[in-house]
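Reproduced below: data_15.txt, with compact mmCIF, C-alpha atoms.
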# COMPACT_ATOMS: atom_id res chain seq x y z
CA MET A 1 96.06 110.20 82.84
CA GLU A 2 98.89 111.96 84.67
CA ALA A 3 97.92 110.16 87.84
CA LEU A 4 98.05 106.86 85.98
CA GLU A 5 101.53 107.71 84.76
CA VAL A 6 102.69 108.43 88.28
CA LEU A 7 101.23 105.15 89.45
CA TYR A 8 102.75 103.30 86.55
CA ASP A 9 106.17 104.71 87.24
CA ARG A 10 105.87 103.84 90.88
CA TYR A 11 104.51 100.32 90.61
CA CYS A 12 105.30 98.93 87.15
CA GLY A 13 108.53 97.39 88.40
CA TYR A 14 106.70 95.43 91.06
CA VAL A 15 103.93 94.40 88.74
CA ARG A 16 106.45 93.12 86.23
CA ALA A 17 108.51 91.42 88.95
CA ILE A 18 105.44 89.51 90.12
CA ALA A 19 104.55 88.59 86.56
CA LEU A 20 108.11 87.60 85.71
CA ARG A 21 108.39 85.46 88.80
CA SER A 22 105.06 83.79 88.10
CA THR A 23 105.16 83.30 84.35
CA GLY A 24 108.90 83.03 83.82
CA SER A 25 108.49 84.85 80.53
CA PRO A 26 109.62 88.45 79.95
CA GLU A 27 107.17 88.77 77.07
CA GLU A 28 104.25 87.56 79.14
CA ALA A 29 105.36 89.75 82.02
CA ASP A 30 105.19 92.78 79.72
CA GLU A 31 101.71 91.74 78.63
CA VAL A 32 100.63 91.42 82.25
CA VAL A 33 101.96 94.92 82.97
CA GLN A 34 99.91 96.32 80.13
CA ASP A 35 96.82 94.32 81.13
CA VAL A 36 96.98 95.43 84.73
CA PHE A 37 97.45 99.14 84.09
CA TRP A 38 94.90 99.07 81.30
CA GLN A 39 92.41 97.60 83.72
CA LEU A 40 93.35 100.28 86.23
CA TRP A 41 92.66 102.93 83.60
CA LYS A 42 89.39 101.39 82.50
CA SER A 43 87.93 100.38 85.83
CA GLY A 44 90.03 102.04 88.49
CA ILE A 45 86.92 103.51 90.03
CA ARG A 46 85.98 100.05 91.20
CA TYR A 47 88.83 100.18 93.67
CA ASP A 48 87.30 100.62 97.09
CA PRO A 49 89.69 102.46 99.44
CA GLY A 50 87.76 101.08 102.38
CA ARG A 51 88.86 97.58 101.52
CA GLY A 52 92.58 98.07 101.82
CA ARG A 53 95.72 99.69 100.50
CA PHE A 54 95.99 100.52 96.86
CA SER A 55 99.16 98.44 96.45
CA THR A 56 97.41 95.39 97.93
CA TRP A 57 94.65 95.77 95.40
CA LEU A 58 97.03 96.30 92.51
CA PHE A 59 99.22 93.34 93.42
CA ALA A 60 96.16 91.12 93.85
CA ILE A 61 95.01 92.03 90.35
CA THR A 62 98.48 91.30 89.05
CA ARG A 63 98.57 87.91 90.68
CA SER A 64 95.12 87.07 89.38
CA ARG A 65 96.24 87.93 85.87
CA CYS A 66 99.29 85.72 86.25
CA ILE A 67 97.31 82.88 87.77
CA ASP A 68 94.83 83.04 84.91
CA ARG A 69 97.67 82.66 82.46
CA LEU A 70 99.43 79.93 84.38
CA ARG A 71 96.33 77.87 84.91
CA SER A 72 95.21 78.22 81.34
CA ARG A 73 98.42 77.01 79.86
CA ARG A 74 99.12 74.42 82.61
CA ARG A 75 102.81 74.54 81.99
CA ASP A 76 103.63 72.29 84.88
CA SER A 77 107.03 71.30 83.64
CA SER A 78 108.44 74.75 84.14
CA LEU A 79 107.24 75.15 87.70
CA GLU A 80 110.31 74.96 89.83
CA PRO A 81 110.36 75.76 93.53
CA LEU A 82 112.01 79.11 94.12
CA SER A 83 113.19 78.71 97.65
CA LEU A 84 116.20 80.67 98.82
CA ASP A 85 116.98 82.52 95.64
CA LEU A 86 114.46 84.97 97.02
CA ALA A 87 117.00 85.92 99.61
CA GLU A 88 119.59 86.65 96.96
CA SER A 89 117.02 88.65 95.11
CA GLY A 90 116.63 90.75 98.19
CA ARG A 91 120.31 91.32 98.65
CA ARG A 92 120.63 92.59 95.11
CA ASN A 93 118.19 95.29 95.95
CA PRO A 94 119.42 98.44 94.22
CA GLU A 95 116.66 100.62 95.63
CA GLU A 96 117.72 103.90 96.99
CA ASP A 97 114.56 103.83 99.01
CA ALA A 98 115.87 102.90 102.43
CA ASP A 99 112.44 102.37 103.85
CA LEU A 100 111.55 99.90 101.14
CA ALA A 101 114.85 98.07 101.53
CA GLU A 102 114.21 97.76 105.25
CA ARG A 103 110.73 96.39 104.65
CA GLN A 104 112.14 93.95 102.13
CA ARG A 105 114.70 92.77 104.65
CA VAL A 106 112.01 92.24 107.27
CA VAL A 107 109.93 90.11 104.91
CA LEU A 108 112.93 88.07 103.84
CA ASP A 109 113.90 87.45 107.44
CA ALA A 110 110.36 86.33 108.19
CA LEU A 111 110.34 83.99 105.19
CA GLN A 112 113.67 82.49 106.11
CA GLN A 113 112.46 81.74 109.60
CA LEU A 114 109.74 79.46 108.21
CA PRO A 115 110.31 75.71 108.13
CA VAL A 116 111.25 74.71 104.58
CA PRO A 117 108.05 72.69 103.85
CA GLN A 118 105.88 75.66 104.83
CA ARG A 119 107.93 78.10 102.81
CA GLN A 120 107.92 75.78 99.82
CA ALA A 121 104.13 75.43 99.88
CA LEU A 122 103.70 79.19 100.19
CA GLU A 123 106.08 79.91 97.35
CA LEU A 124 104.43 77.44 95.01
CA GLY A 125 101.08 79.01 95.76
CA PHE A 126 102.08 82.63 95.76
CA TYR A 127 104.72 82.88 93.08
CA GLN A 128 103.76 79.96 90.86
CA GLY A 129 100.00 80.33 91.04
CA MET A 130 99.36 76.69 91.92
CA THR A 131 96.18 75.61 93.69
CA HIS A 132 96.53 73.67 96.91
CA ARG A 133 95.71 70.48 95.01
CA GLU A 134 98.44 71.18 92.50
CA ILE A 135 100.89 71.86 95.29
CA ALA A 136 99.92 68.61 97.00
CA ALA A 137 100.41 66.69 93.75
CA ARG A 138 103.68 68.43 93.11
CA LEU A 139 105.07 67.68 96.55
CA GLY A 140 103.49 64.22 96.81
CA GLU A 141 101.82 65.20 100.08
CA PRO A 142 98.19 64.80 101.21
CA LEU A 143 95.99 67.83 100.55
CA GLY A 144 95.28 68.30 104.25
CA THR A 145 98.99 68.45 104.99
CA VAL A 146 99.53 71.09 102.36
CA LYS A 147 96.61 73.17 103.60
CA SER A 148 97.98 73.01 107.14
CA ARG A 149 101.44 73.99 105.99
CA ILE A 150 100.12 76.98 104.09
CA LYS A 151 97.97 78.14 106.95
CA MET A 152 100.73 77.69 109.51
CA GLY A 153 103.20 79.42 107.21
CA MET A 154 100.86 82.36 106.71
CA ASP A 155 100.18 82.61 110.44
CA LYS A 156 103.87 82.54 111.28
CA LEU A 157 104.65 85.12 108.64
CA LYS A 158 101.95 87.35 110.00
CA GLN A 159 103.28 87.05 113.53
CA SER A 160 106.86 87.62 112.39
CA LEU A 161 105.97 90.61 110.27
CA TRP A 162 103.97 92.19 113.03
CA SER A 163 106.59 91.57 115.67
CA MET A 164 109.23 92.99 113.36
CA GLY A 165 107.27 96.10 112.64
CA SER A 166 104.53 95.19 110.19
CA PRO A 167 106.20 96.13 106.91
CA SER A 168 103.03 96.35 104.96
CA MET B 1 77.57 71.97 106.49
CA THR B 2 80.89 73.77 106.72
CA ARG B 3 82.08 74.64 110.20
CA HIS B 4 82.90 78.26 110.84
CA GLN B 5 86.42 77.37 111.92
CA ASP B 6 86.99 75.76 108.52
CA LEU B 7 85.86 78.93 106.81
CA LEU B 8 88.05 81.02 109.08
CA ASP B 9 90.99 78.78 108.24
CA SER B 10 90.23 79.36 104.56
CA ALA B 11 91.08 83.06 104.83
CA SER B 12 94.82 82.46 104.41
CA LEU B 13 94.28 80.06 101.53
CA TYR B 14 91.86 82.48 99.90
CA ALA B 15 94.29 85.39 100.17
CA LEU B 16 96.99 83.21 98.66
CA GLU B 17 94.54 82.25 95.89
CA VAL B 18 95.15 78.53 96.20
CA LEU B 19 91.55 77.46 96.84
CA ASP B 20 89.65 75.71 94.11
CA LYS B 21 86.56 77.31 92.62
CA GLU B 22 84.00 75.71 94.89
CA GLU B 23 85.92 76.53 98.06
CA ARG B 24 86.54 80.05 96.87
CA GLU B 25 82.87 80.65 96.20
CA ARG B 26 81.89 79.17 99.55
CA PHE B 27 84.25 81.55 101.34
CA GLU B 28 83.07 84.54 99.30
CA SER B 29 79.48 83.67 100.04
CA HIS B 30 80.30 83.52 103.72
CA LEU B 31 82.08 86.88 103.55
CA ALA B 32 79.07 88.37 101.83
CA SER B 33 76.95 87.32 104.78
CA GLY B 34 78.89 89.89 106.80
CA CYS B 35 81.18 87.80 109.02
CA ASP B 36 83.46 90.36 110.66
CA GLU B 37 85.81 87.69 112.01
CA CYS B 38 86.52 86.26 108.57
CA GLN B 39 86.81 89.75 107.07
CA THR B 40 89.46 90.58 109.65
CA ALA B 41 91.27 87.29 109.02
CA LEU B 42 91.26 87.97 105.29
CA ARG B 43 92.53 91.51 105.76
CA GLU B 44 95.39 90.21 107.90
CA ALA B 45 96.19 87.45 105.40
CA ARG B 46 96.27 89.99 102.60
CA SER B 47 98.75 92.10 104.52
CA VAL B 48 101.00 89.02 104.39
CA THR B 49 100.56 88.39 100.67
CA ASP B 50 101.14 92.09 100.08
CA ALA B 51 104.39 91.83 102.00
CA LEU B 52 105.47 88.80 99.96
CA VAL B 53 105.62 91.03 96.91
CA LEU B 54 108.32 93.06 98.61
CA VAL B 55 110.89 90.29 98.39
CA LEU B 56 110.91 90.75 94.65
CA ASP B 57 113.20 93.37 93.20
CA PRO B 58 111.33 95.71 90.91
CA VAL B 59 112.00 94.86 87.26
CA ARG B 60 111.00 97.79 85.15
CA PRO B 61 109.48 97.12 81.74
CA SER B 62 111.07 98.68 78.68
CA LYS B 63 110.17 102.17 77.52
CA GLU B 64 108.34 100.60 74.62
CA VAL B 65 105.91 98.85 76.96
CA ARG B 66 105.16 102.16 78.64
CA ALA B 67 104.78 104.00 75.35
CA LYS B 68 102.43 101.36 73.96
CA LEU B 69 100.23 101.40 77.04
CA PHE B 70 99.90 105.17 77.22
CA GLU B 71 99.26 105.49 73.52
CA ARG B 72 96.33 103.12 74.00
CA VAL B 73 95.16 105.14 76.99
CA ARG B 74 95.42 108.39 75.01
CA GLN B 75 93.31 106.94 72.23
CA ASP B 76 90.78 105.62 74.70
CA ARG B 77 90.55 108.96 76.47
CA GLY B 78 90.05 110.70 73.18
CA SER B 79 87.19 108.42 72.20
CA SER B 80 85.63 108.65 75.68
CA GLU B 81 85.70 112.44 75.59
CA HIS B 82 84.17 112.36 72.15
CA GLU B 83 81.38 110.11 73.42
CA ARG B 84 80.76 112.34 76.41
CA ALA B 85 80.71 115.46 74.27
CA SER B 86 78.01 113.97 72.10
CA LYS B 87 75.68 113.29 75.02
CA PRO B 88 73.22 115.86 76.40
CA ARG B 89 74.60 115.48 79.90
CA SER B 90 77.95 116.90 78.89
CA ARG B 91 76.98 120.25 80.36
CA ILE B 92 76.97 118.58 83.72
CA TRP B 93 80.06 116.59 83.06
CA ILE B 94 82.31 119.47 82.03
CA PRO B 95 82.42 121.27 85.40
CA LEU B 96 82.86 117.92 87.11
CA ALA B 97 85.77 117.11 84.84
CA ALA B 98 87.28 120.53 85.50
CA ALA B 99 86.95 119.98 89.22
CA ALA B 100 88.47 116.53 88.83
CA SER B 101 91.42 118.01 86.98
CA LEU B 102 91.91 120.60 89.66
CA LEU B 103 91.78 118.02 92.40
CA ALA B 104 94.07 115.72 90.47
CA ALA B 105 96.51 118.59 89.98
CA LEU B 106 96.42 119.38 93.67
CA GLY B 107 96.93 115.71 94.41
CA LEU B 108 99.89 115.58 92.09
CA GLY B 109 101.38 118.68 93.65
CA LEU B 110 101.30 117.06 97.03
CA HIS B 111 102.57 113.91 95.50
CA ALA B 112 105.62 115.62 94.04
CA TYR B 113 106.34 117.05 97.45
CA SER B 114 106.53 113.64 99.06
CA LEU B 115 106.22 110.93 96.47
CA ARG B 116 107.12 107.85 98.40
CA GLN B 117 105.16 108.68 101.51
CA SER B 118 102.04 109.91 99.88
CA LEU B 119 101.54 107.87 96.76
CA ASP B 120 99.04 105.44 98.18
CA GLU B 121 97.12 108.23 99.85
CA GLU B 122 97.16 110.34 96.71
CA GLN B 123 95.91 107.46 94.66
CA GLN B 124 93.22 106.71 97.17
CA ALA B 125 92.14 110.34 97.05
CA ARG B 126 92.07 110.22 93.27
CA GLN B 127 90.04 107.06 93.32
CA GLU B 128 87.66 108.56 95.83
CA VAL B 129 87.20 111.60 93.63
CA GLU B 130 86.57 109.43 90.59
CA THR B 131 84.20 107.23 92.51
CA ARG B 132 82.34 110.27 93.80
CA PHE B 133 82.01 111.71 90.32
CA SER B 134 80.85 108.39 88.95
CA VAL B 135 78.21 108.12 91.65
CA LEU B 136 77.24 111.75 91.10
CA GLN B 137 76.79 111.09 87.43
CA ASP B 138 74.64 108.06 88.17
CA ALA B 139 72.71 110.07 90.73
CA VAL B 140 72.08 112.85 88.23
CA ASP B 141 70.83 110.27 85.76
CA ALA B 142 68.54 108.78 88.39
CA LEU B 143 67.29 112.19 89.53
CA THR B 144 66.40 113.23 86.02
CA ALA B 145 64.77 109.94 85.09
CA PRO B 146 61.09 110.49 84.20
CA ARG B 147 59.56 108.36 86.95
CA THR B 148 62.01 108.96 89.78
CA GLN B 149 60.38 109.34 93.18
CA THR B 150 61.88 111.35 96.00
CA VAL B 151 61.22 110.21 99.54
CA ALA B 152 62.16 112.36 102.53
CA LEU B 153 62.95 110.34 105.63
CA ALA B 154 62.70 111.71 109.17
CA GLY B 155 64.65 110.51 112.20
CA GLN B 156 62.83 108.27 114.65
CA GLY B 157 63.33 107.51 118.33
CA SER B 158 66.93 107.85 119.49
CA ALA B 159 67.88 109.17 116.03
CA SER B 160 65.26 111.92 115.95
CA GLY B 161 67.83 114.42 114.68
CA ALA B 162 68.60 112.36 111.59
CA VAL B 163 67.31 113.21 108.13
CA ALA B 164 67.66 111.48 104.79
CA LYS B 165 66.46 111.54 101.23
CA ALA B 166 65.96 108.59 98.95
CA PHE B 167 65.78 108.90 95.18
CA ILE B 168 64.19 105.88 93.59
CA ASP B 169 64.36 105.29 89.88
CA PRO B 170 61.96 102.37 89.29
CA ASP B 171 62.74 102.05 85.59
CA ASN B 172 66.40 101.36 86.20
CA ARG B 173 65.74 99.79 89.61
CA ARG B 174 68.23 102.18 91.14
CA LEU B 175 68.15 103.90 94.50
CA PHE B 176 70.30 106.60 96.08
CA LEU B 177 70.03 107.32 99.77
CA TYR B 178 71.70 110.32 101.40
CA VAL B 179 71.73 110.43 105.18
CA HIS B 180 72.70 113.14 107.69
CA ASN B 181 73.06 113.20 111.48
CA LEU B 182 72.71 109.47 111.99
CA PRO B 183 74.90 108.28 114.88
CA PRO B 184 77.63 105.71 114.06
CA LEU B 185 76.91 102.23 115.37
CA PRO B 186 79.11 99.99 117.51
CA PRO B 187 80.85 97.01 115.83
CA GLY B 188 78.58 94.07 115.18
CA SER B 189 75.63 96.13 114.00
CA THR B 190 74.64 97.92 110.84
CA TYR B 191 71.97 100.13 109.38
CA GLN B 192 69.67 98.39 106.91
CA LEU B 193 67.45 100.09 104.36
CA TRP B 194 64.00 98.72 103.64
CA LEU B 195 61.53 99.40 100.86
CA ILE B 196 58.03 98.71 102.05
CA VAL B 197 55.29 98.08 99.52
CA ASP B 198 51.86 96.90 100.61
CA GLY B 199 53.23 96.42 104.10
CA VAL B 200 55.95 94.03 103.00
CA PRO B 201 59.53 95.14 103.73
CA VAL B 202 62.24 94.21 101.26
CA SER B 203 65.90 94.84 102.06
CA ALA B 204 67.65 97.38 99.83
CA GLY B 205 71.07 97.06 101.42
CA VAL B 206 73.07 97.73 104.55
CA PHE B 207 75.30 100.69 105.29
CA GLY B 208 77.43 102.32 107.94
CA VAL B 209 77.83 106.02 108.61
CA GLU B 210 80.83 108.28 108.68
CA PRO B 211 81.97 109.68 112.03
CA ASN B 212 80.15 112.92 111.14
CA GLY B 213 76.87 111.04 110.80
CA THR B 214 76.59 111.10 107.02
CA ALA B 215 76.06 108.10 104.78
CA ARG B 216 75.31 107.33 101.20
CA LEU B 217 73.86 104.14 99.85
CA ASP B 218 73.83 103.33 96.16
CA GLY B 219 71.34 100.55 95.60
CA GLU B 220 71.39 98.62 92.34
CA ARG B 221 68.84 96.08 91.17
CA ILE B 222 66.38 97.06 93.86
CA PRO B 223 63.06 95.21 93.80
CA ALA B 224 60.62 96.25 91.08
CA LEU B 225 58.32 98.85 92.62
CA GLU B 226 54.98 100.29 91.64
CA GLY B 227 52.77 102.73 93.48
CA ALA B 228 53.36 104.30 96.88
CA ILE B 229 56.62 103.42 98.54
CA THR B 230 57.59 103.61 102.19
CA VAL B 231 61.27 103.71 102.99
CA ALA B 232 62.68 102.84 106.40
CA VAL B 233 66.04 102.27 108.05
CA THR B 234 66.52 99.98 111.03
CA VAL B 235 69.44 98.91 113.21
CA GLU B 236 70.32 95.28 112.59
CA PRO B 237 73.11 92.77 113.28
CA ALA B 238 76.18 93.15 111.02
CA GLY B 239 75.54 91.81 107.57
CA GLY B 240 71.82 92.52 107.72
CA VAL B 241 68.79 90.31 108.18
CA PRO B 242 66.05 89.03 105.85
CA GLN B 243 63.30 90.85 107.77
CA PRO B 244 63.59 93.89 110.05
CA THR B 245 64.10 93.07 113.71
CA GLY B 246 65.73 96.15 115.26
CA PRO B 247 64.61 99.68 116.12
CA MET B 248 63.58 101.98 113.31
CA VAL B 249 65.70 105.12 113.00
CA LEU B 250 64.46 106.66 109.74
CA LEU B 251 61.09 106.56 108.05
CA GLY B 252 59.45 108.28 105.09
CA SER B 253 56.92 107.72 102.35
Show the structure stored in the file as structure tokens.
Amino acid sequence: MEALEVLYDRYCGYVRAIALRSTGSPEEADEVVQDVFWQLWKSGIRYDPGRGRFSTWLFAITRSRCIDRLRSRRRDSSLEPLSLDLAESGRRNPEEDADLAERQRVVLDALQQLPVPQRQALELGFYQGMTHREIAARLGEPLGTVKSRIKMGMDKLKQSLWSMGSPS
Amino acid sequence: MTRHQDLLDSASLYALEVLDKEERERFESHLASGCDECQTALREARSVTDALVLVLDPVRPSKEVRAKLFERVRQDRGSSEHERASKPRSRIWIPLAAAASLLAALGLGLHAYSLRQSLDEEQQARQEVETRFSVLQDAVDALTAPRTQTVALAGQGSASGAVAKAFIDPDNRRLFLYVHNLPPLPPGSTYQLWLIVDGVPVSAGVFGVEPNGTARLDGERIPALEGAITVAVTVEPAGGVPQPTGPMVLLGS
């Protein structure tokens, strides 16, 4: 259990940040935190180190939990694009961890270099848990256009992140 | 018929979790067929989604959330230990648990030395230890099952120095294969295990080997088997094939 405590202390802030950003509810975010670490406790052995970093796995579980909640309640009215407030979020970074702050800056720079429509589609998908169809409906764009924007946005982010030092 | 390029393009959308159910399942099915290109694309896309988390400032939950979670964990651990203690296999479990504690303590010692740099690695090590113990426990169960068969496999052809043992528990349709001295394969190919009954080979899974030539395959839901069993390993294209096509490197019955 000690190892779980160390992991909790290290990652709970990120797990809750993802949940808070996705659900918009502090109470639900707390529930997601408990769900995620409970699942880690109960089935952590299913994590396969060969398939990627631990944090990637943990964040993916977190997002899945959030998406489950979002899609089950279909609270479309509260889904607002996030856009550039992400940048402000980054600047408020109080982390004493210089390495993390640097990685955060790199990701923010990469995001800000994206054309707005691509960034918007990515944000709605990633932070709001929308499907591509929901994003298309939300933006009033054809599905194919939205898919292309997401793919191009992801490709550009990947290139930017790698050229800037691959933060992850 | 979905074009491969369409599936490859789906990797980003899959990592972002924006695909609908049907598309998601189609991509997963394709991944399961062993497409290295799409696996790589997915891995790269996930490095991007992982990075997207970093733009969020950590927002720590309250102490109450932590206390509630760990109280639940404590209770669960207590009940799990009670369950284990009541089972006959606890004599096996206790030394494993002691070893796990020791390894975990060592891991935590290292972790304290360099928390930020080593946390992922420490966790991975912990997970590997837990996975190993879980597999060991399953293997012990399979080995002690009343009808378990042991098959020794000998290296063939270019892999004449290889040896392996397969433990087959027909009642639980479980198989454990342990391999030594089998040379690693180049990308694009894999080892595939076959169970041969009455001359008919049935795939029991694919596997790769560690750089030191060892491998372990844990086969679940293997075909129902009765009577004499021949076990073989062949070299096949990545992802495996329905029937053996490549050279045989291990054989035993």
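For the pair CA of Ala60 in chain A and CA of Ser163 in chain A, the separation is 24.2 Å.
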Check your understanding: Within 7 Å of chain A, which residues of chain B show up when using only C-alpha atoms, listed as a list in words?
Key ->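 So the contacting residues turn out to be Ser12, Leu13, Leu16, Val18, Leu19, Asp20, Ser47, Val48, Asp50, Ala51, Leu52, Val53, Leu54, Val55, Leu56, Asp57, Pro58, Val59, Arg60, Pro61, Val65, Leu69, Asp120, Gln124, Gln127, Glu130 and Thr131 of chain B.
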Check your understanding: By how many Å are CA of Gln120 in chain A and CA of Arg46 in chain B apart?
Key ->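 Separation of CA of Gln120 in chain A and CA of Arg46 in chain B: 18.6 Å.
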Practice item. Using CA of Thr145 in chain A and CA of Asp6 in chain B as the two end points, give the distance in Å to one decimal. Key: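 So the two atoms, CA of Thr145 in chain A and CA of Asp6 in chain B, lie 14.5 Å apart.
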If we count all atoms listed in the file and set the cut-off at 9 Å, which residues sit around Ile229 in chain B, ignoring sequence neighbours fewer than 5 positions away in its own chain? Please answer as a compact mmCIF listing (two decimals) with C-alpha atoms, keeping the file's coordinate frame.
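The file below, selection.txt, is the result:
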# COMPACT_ATOMS: atom_id res chain seq x y z
CA GLN B 149 60.38 109.34 93.18
CA VAL B 151 61.22 110.21 99.54
CA LEU B 195 61.53 99.40 100.86
CA ILE B 196 58.03 98.71 102.05
CA VAL B 197 55.29 98.08 99.52
CA ASP B 198 51.86 96.90 100.61
CA GLY B 252 59.45 108.28 105.09
CA SER B 253 56.92 107.72 102.35
Check your understanding: Any idea what's packed within 10 Å of Leu182 in chain B, counting all atoms listed in the file, ignoring anything in its chain fewer than 5 positions away? Could you give it as a VMD selection string?
Key -> chain B and resid 155 158 to 164 191 208 to 215 249 to 250
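If only C-alpha atoms are the atoms counted, then among B:Phe27, B:Phe70, B:Phe176, B:Phe207 the closest residue to Arg221 in chain B is B:Phe176.
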Exercise for review: Would you mind telling me which residue in B:Cys35, B:Asn181, B:Leu251, B:Lys21 lies nearest to Leu7 in chain B when using all atoms listed in the file?
Suggested key: B:Cys35
Study note, to complete from the structure: Shortest contact to Asp169 in chain B, candidates B:Pro183, B:Gly219, B:Pro247, B:Gly188, atoms counted all atoms listed in the file, goes to B:Gly219
Check your understanding: Which neighbours of Ser33 in chain B fall inside 9 Å, counting all atoms listed in the file, when residues of the same chain fewer than 2 positions from it are skipped, and could you give them as a list of chain:residue names?
Key ->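 That gives B:Glu28, B:Ser29, B:His30, B:Leu31, B:Cys35, B:Ala238, B:Gly239, B:Gly240.
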Dump as a PDB file, keeping the file's coordinate frame, selection limited to C-alpha atoms:
ATOM      1  CA  GLU B  28      83.070  84.540  99.300  1.00  0.00           C
ATOM      2  CA  SER B  29      79.480  83.670 100.040  1.00  0.00           C
ATOM      3  CA  HIS B  30      80.300  83.520 103.720  1.00  0.00           C
ATOM      4  CA  LEU B  31      82.080  86.880 103.550  1.00  0.00           C
ATOM      5  CA  CYS B  35      81.180  87.800 109.020  1.00  0.00           C
ATOM      6  CA  ALA B 238      76.180  93.150 111.020  1.00  0.00           C
ATOM      7  CA  GLY B 239      75.540  91.810 107.570  1.00  0.00           C
ATOM      8  CA  GLY B 240      71.820  92.520 107.720  1.00  0.00           C
TER       9      GLY B 240
END
Assuming the input is short of atoms at range 65-70 of chain A, produce all heavy atoms for that part as a PDB file, in the coordinates of the input.
ATOM      1  N   ARG A  65      95.915  87.985  87.292  1.00  0.00           N
ATOM      2  CA  ARG A  65      96.240  87.930  85.870  1.00  0.00           C
ATOM      3  C   ARG A  65      97.253  86.809  85.587  1.00  0.00           C
ATOM      4  O   ARG A  65      97.124  86.054  84.623  1.00  0.00           O
ATOM      5  CB  ARG A  65      96.827  89.263  85.402  1.00  0.00           C
ATOM      6  CG  ARG A  65      95.809  90.345  85.194  1.00  0.00           C
ATOM      7  CD  ARG A  65      95.115  90.116  83.838  1.00  0.00           C
ATOM      8  NE  ARG A  65      94.167  91.157  83.552  1.00  0.00           N
ATOM      9  CZ  ARG A  65      92.929  91.227  84.028  1.00  0.00           C
ATOM     10  NH1 ARG A  65      92.482  90.257  84.812  1.00  0.00           N
ATOM     11  NH2 ARG A  65      92.132  92.216  83.738  1.00  0.00           N
ATOM     12  N   CYS A  66      98.252  86.740  86.444  1.00  0.00           N
ATOM     13  CA  CYS A  66      99.290  85.720  86.250  1.00  0.00           C
ATOM     14  C   CYS A  66      98.706  84.323  86.439  1.00  0.00           C
ATOM     15  O   CYS A  66      99.000  83.400  85.679  1.00  0.00           O
ATOM     16  CB  CYS A  66     100.431  85.934  87.242  1.00  0.00           C
ATOM     17  SG  CYS A  66     101.317  87.468  86.994  1.00  0.00           S
ATOM     18  N   ILE A  67      97.898  84.189  87.479  1.00  0.00           N
ATOM     19  CA  ILE A  67      97.310  82.880  87.770  1.00  0.00           C
ATOM     20  C   ILE A  67      96.418  82.435  86.621  1.00  0.00           C
ATOM     21  O   ILE A  67      96.436  81.272  86.215  1.00  0.00           O
ATOM     22  CB  ILE A  67      96.547  82.935  89.115  1.00  0.00           C
ATOM     23  CG1 ILE A  67      97.555  83.000  90.263  1.00  0.00           C
ATOM     24  CG2 ILE A  67      95.632  81.730  89.277  1.00  0.00           C
ATOM     25  CD1 ILE A  67      96.956  83.313  91.607  1.00  0.00           C
ATOM     26  N   ASP A  68      95.663  83.375  86.072  1.00  0.00           N
ATOM     27  CA  ASP A  68      94.830  83.040  84.910  1.00  0.00           C
ATOM     28  C   ASP A  68      95.689  82.453  83.794  1.00  0.00           C
ATOM     29  O   ASP A  68      95.342  81.451  83.168  1.00  0.00           O
ATOM     30  CB  ASP A  68      94.116  84.294  84.380  1.00  0.00           C
ATOM     31  CG  ASP A  68      93.010  84.750  85.311  1.00  0.00           C
ATOM     32  OD1 ASP A  68      92.640  83.963  86.204  1.00  0.00           O
ATOM     33  OD2 ASP A  68      92.553  85.894  85.168  1.00  0.00           O
ATOM     34  N   ARG A  69      96.799  83.122  83.550  1.00  0.00           N
ATOM     35  CA  ARG A  69      97.670  82.660  82.460  1.00  0.00           C
ATOM     36  C   ARG A  69      98.286  81.305  82.783  1.00  0.00           C
ATOM     37  O   ARG A  69      98.306  80.401  81.949  1.00  0.00           O
ATOM     38  CB  ARG A  69      98.791  83.687  82.238  1.00  0.00           C
ATOM     39  CG  ARG A  69      98.310  84.930  81.524  1.00  0.00           C
ATOM     40  CD  ARG A  69      99.339  86.025  81.542  1.00  0.00           C
ATOM     41  NE  ARG A  69      98.838  87.183  80.832  1.00  0.00           N
ATOM     42  CZ  ARG A  69      99.074  87.440  79.549  1.00  0.00           C
ATOM     43  NH1 ARG A  69      99.838  86.622  78.846  1.00  0.00           N
ATOM     44  NH2 ARG A  69      98.563  88.506  78.961  1.00  0.00           N
ATOM     45  N   LEU A  70      98.779  81.181  84.010  1.00  0.00           N
ATOM     46  CA  LEU A  70      99.430  79.930  84.380  1.00  0.00           C
ATOM     47  C   LEU A  70      98.458  78.753  84.320  1.00  0.00           C
ATOM     48  O   LEU A  70      98.786  77.686  83.814  1.00  0.00           O
ATOM     49  CB  LEU A  70      99.994  80.044  85.803  1.00  0.00           C
ATOM     50  CG  LEU A  70     101.248  80.906  85.940  1.00  0.00           C
ATOM     51  CD1 LEU A  70     101.510  81.198  87.411  1.00  0.00           C
ATOM     52  CD2 LEU A  70     102.446  80.190  85.336  1.00  0.00           C
TER      53      LEU A  70
END
